[in-house]
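Trainee: The structure is given below, and queries will be raised subsequently.
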Amino acid sequence: MSSPPQAPGPYDGCLFIIGRQYSARRSFTALRDSFVEGEGLVFHSSAWSRYDGITGYFFCQPGLETLRVWDIGDDEDLLVWRELFEEVPQA
């Protein structure tokens, strides 16, 4: 039986903070979406699928009505998020 991935550190089970802005560090293709270097994203929510063995992290993007999604498998290293995204400092 799998369990939701847990991130080390102060994430309390989630890598991102709801309402905070992030940007893609580089262009990459995810399971259900593609991200372009430098594009701005606002973290919306996350959901774990026991059936699929993945956690989806959902983002809003200005000008788009649909949510953007980055998925990571239960057995993958969660710290890869630091290579893909960075938090945009609050003004």
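Labels used: A, B, ... for chains in the order of the structure tokens, numbers from 1 for residues in each chain, and numbers from 1 for ligands as shown.
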Do you know which residues are at most 7 Å from Glu86 (chain A) counting only C-alpha atoms, after dropping those on the same chain fewer than 4 positions away, and could you put them as an MDAnalysis selection string?
Mentor: chainID A and resid 22:25 82
Trainee: Would you output that residue set with N, CA and C atoms, as a PDB file, in the first residue's frame?
Mentor:
```pdb
ATOM      1  N   TYR A  22       4.988  31.441  -7.972  1.00  0.00           N
ATOM      2  CA  TYR A  22       6.151  30.646  -8.346  1.00  0.00           C
ATOM      3  C   TYR A  22       6.418  30.871  -9.826  1.00  0.00           C
ATOM      4  N   SER A  23       7.620  30.549 -10.257  1.00  0.00           N
ATOM      5  CA  SER A  23       7.917  30.577 -11.685  1.00  0.00           C
ATOM      6  C   SER A  23       8.684  29.312 -12.039  1.00  0.00           C
ATOM      7  N   ALA A  24       8.580  28.925 -13.292  1.00  0.00           N
ATOM      8  CA  ALA A  24       9.306  27.758 -13.784  1.00  0.00           C
ATOM      9  C   ALA A  24      10.764  28.155 -13.996  1.00  0.00           C
ATOM     10  N   ARG A  25      11.677  27.396 -13.415  1.00  0.00           N
ATOM     11  CA  ARG A  25      13.117  27.682 -13.560  1.00  0.00           C
ATOM     12  C   ARG A  25      13.611  27.375 -14.972  1.00  0.00           C
ATOM     13  N   ARG A  82      12.639  21.840  -6.546  1.00  0.00           N
ATOM     14  CA  ARG A  82      13.551  22.988  -6.462  1.00  0.00           C
ATOM     15  C   ARG A  82      14.303  23.232  -7.768  1.00  0.00           C
TER      16      ARG A  82
END
```
Trainee: What's the 6 Å shell around region 38-48 of chain A, counting only C-alpha atoms, without same-chain residues fewer than 2 positions away, as an mmCIF file with C-alpha atoms, in the first residue's frame?
Mentor:
```cif
data_model
loop_
_atom_site.group_PDB
_atom_site.id
_atom_site.type_symbol
_atom_site.label_atom_id
_atom_site.label_comp_id
_atom_site.auth_asym_id
_atom_site.auth_seq_id
_atom_site.Cartn_x
_atom_site.Cartn_y
_atom_site.Cartn_z
ATOM 1 C CA ILE A 18 -1.383 28.267 -1.308
ATOM 2 C CA GLY A 19 -1.621 31.732 -2.879
ATOM 3 C CA ARG A 20 2.136 32.199 -3.292
ATOM 4 C CA GLN A 21 3.651 32.960 -6.668
ATOM 5 C CA TYR A 22 6.151 30.646 -8.346
ATOM 6 C CA SER A 23 7.917 30.577 -11.685
ATOM 7 C CA ALA A 24 9.306 27.758 -13.784
ATOM 8 C CA VAL A 36 7.919 27.335 -20.020
ATOM 9 C CA ILE A 54 1.031 10.367 -7.720
ATOM 10 C CA THR A 55 0.477 13.755 -6.156
ATOM 11 C CA GLY A 56 -0.743 16.559 -8.387
ATOM 12 C CA TYR A 57 0.189 20.168 -7.619
ATOM 13 C CA PHE A 58 -2.240 22.625 -9.216
ATOM 14 C CA PHE A 59 -1.473 26.215 -10.216
ATOM 15 C CA CYS A 60 -3.512 29.152 -11.491
ATOM 16 C CA GLN A 61 -2.055 31.342 -14.177
#
```
Trainee: Run DSSP on the backbone and grab whatever in chain A lands in helix (DSSP H, G or I); send it over as a list of chain:residue names.
Mentor: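 Taking chain A and keeping helix (DSSP H, G or I) only, one gets A:Leu78, A:Leu79, A:Val80, A:Trp81, A:Arg82, A:Glu83, A:Leu84.
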Trainee: Output the selection as a compact mmCIF listing (two decimals), in the first residue's frame - N, CA and C atoms for each residue.
Mentor:
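Written file, part13.txt:
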```txt
# COMPACT_ATOMS: atom_id res chain seq x y z
N LEU A 78 11.01 14.20 -4.07
CA LEU A 78 10.25 15.45 -4.03
C LEU A 78 11.11 16.69 -4.18
N LEU A 79 12.36 16.59 -3.82
CA LEU A 79 13.22 17.77 -3.88
C LEU A 79 13.51 18.22 -5.30
N VAL A 80 13.09 17.44 -6.30
CA VAL A 80 13.25 17.86 -7.69
C VAL A 80 12.46 19.15 -7.95
N TRP A 81 11.45 19.43 -7.13
CA TRP A 81 10.67 20.65 -7.33
C TRP A 81 11.56 21.88 -7.31
N ARG A 82 12.64 21.84 -6.55
CA ARG A 82 13.55 22.99 -6.46
C ARG A 82 14.30 23.23 -7.77
N GLU A 83 14.43 22.19 -8.58
CA GLU A 83 15.07 22.33 -9.89
C GLU A 83 14.09 22.87 -10.92
N LEU A 84 12.79 22.67 -10.68
CA LEU A 84 11.77 23.03 -11.65
C LEU A 84 11.07 24.35 -11.37
```
Trainee: With distances taken over only C-alpha atoms, which residue among A:Arg68, A:Asp77, A:Tyr51, A:Pro89 lies nearest Ser34 (chain A)?
Mentor: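 Comparing A:Arg68, A:Asp77, A:Tyr51, A:Pro89 against Ser34 (chain A), the winner is A:Arg68.
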Trainee: Which one is closest to Arg26 (chain A): A:Phe85, A:Asp74, A:Ala91, A:Thr66? Count only C-alpha atoms.
Mentor: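 Of A:Phe85, A:Asp74, A:Ala91, A:Thr66, the one nearest Arg26 (chain A) is A:Phe85, counting only C-alpha atoms.
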Trainee: Give me every strand (DSSP E) residue in chain A, going by DSSP on the backbone, as a tab-separated table (two decimals) with C-alpha atoms, in the first residue's frame.
Mentor:
```tsv
chain	number	residue	atom	x	y	z
A	21	GLN	CA	3.65	32.96	-6.67
A	22	TYR	CA	6.15	30.65	-8.35
A	23	SER	CA	7.92	30.58	-11.69
A	24	ALA	CA	9.31	27.76	-13.78
A	28	PHE	CA	9.95	21.07	-19.07
A	29	THR	CA	7.16	18.63	-19.87
A	34	SER	CA	4.17	21.59	-20.11
A	35	PHE	CA	5.87	24.54	-18.44
A	40	GLY	CA	4.38	32.88	-13.58
A	41	LEU	CA	2.16	30.55	-11.56
A	42	VAL	CA	0.12	30.87	-8.36
A	43	PHE	CA	-0.17	27.74	-6.24
A	44	HIS	CA	-3.80	26.64	-5.87
A	45	SER	CA	-3.96	23.16	-4.32
A	46	SER	CA	-2.66	19.60	-4.30
A	47	ALA	CA	-4.25	16.16	-4.43
A	48	TRP	CA	-2.89	12.67	-3.88
A	49	SER	CA	-4.11	9.71	-5.90
A	54	ILE	CA	1.03	10.37	-7.72
A	55	THR	CA	0.48	13.76	-6.16
A	56	GLY	CA	-0.74	16.56	-8.39
A	57	TYR	CA	0.19	20.17	-7.62
A	58	PHE	CA	-2.24	22.63	-9.22
A	59	PHE	CA	-1.47	26.21	-10.22
A	60	CYS	CA	-3.51	29.15	-11.49
A	68	ARG	CA	-1.97	23.96	-14.61
A	69	VAL	CA	-0.69	20.72	-13.05
A	70	TRP	CA	2.63	19.17	-12.12
A	71	ASP	CA	2.54	15.54	-10.99
A	72	ILE	CA	5.15	13.59	-9.07
A	73	GLY	CA	5.13	9.86	-8.34
A	85	PHE	CA	10.16	25.89	-9.69
A	86	GLU	CA	11.19	28.84	-7.59
A	87	GLU	CA	9.12	31.02	-5.32
```
Trainee: At what distance in Å, to one decimal, does CA of Asp75 (chain A) lie from CA of Ile17 (chain A)?
Mentor: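 Going from CA of Ile17 (chain A) over to CA of Asp75 (chain A), I get 22.1 Å.
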Trainee: Please determine, counting only C-alpha atoms, which residue among A:Val88, A:Leu67, A:Gly53, A:Phe16 has the shortest atom-to-atom distance to Arg32 (chain A).
Mentor: A:Leu67
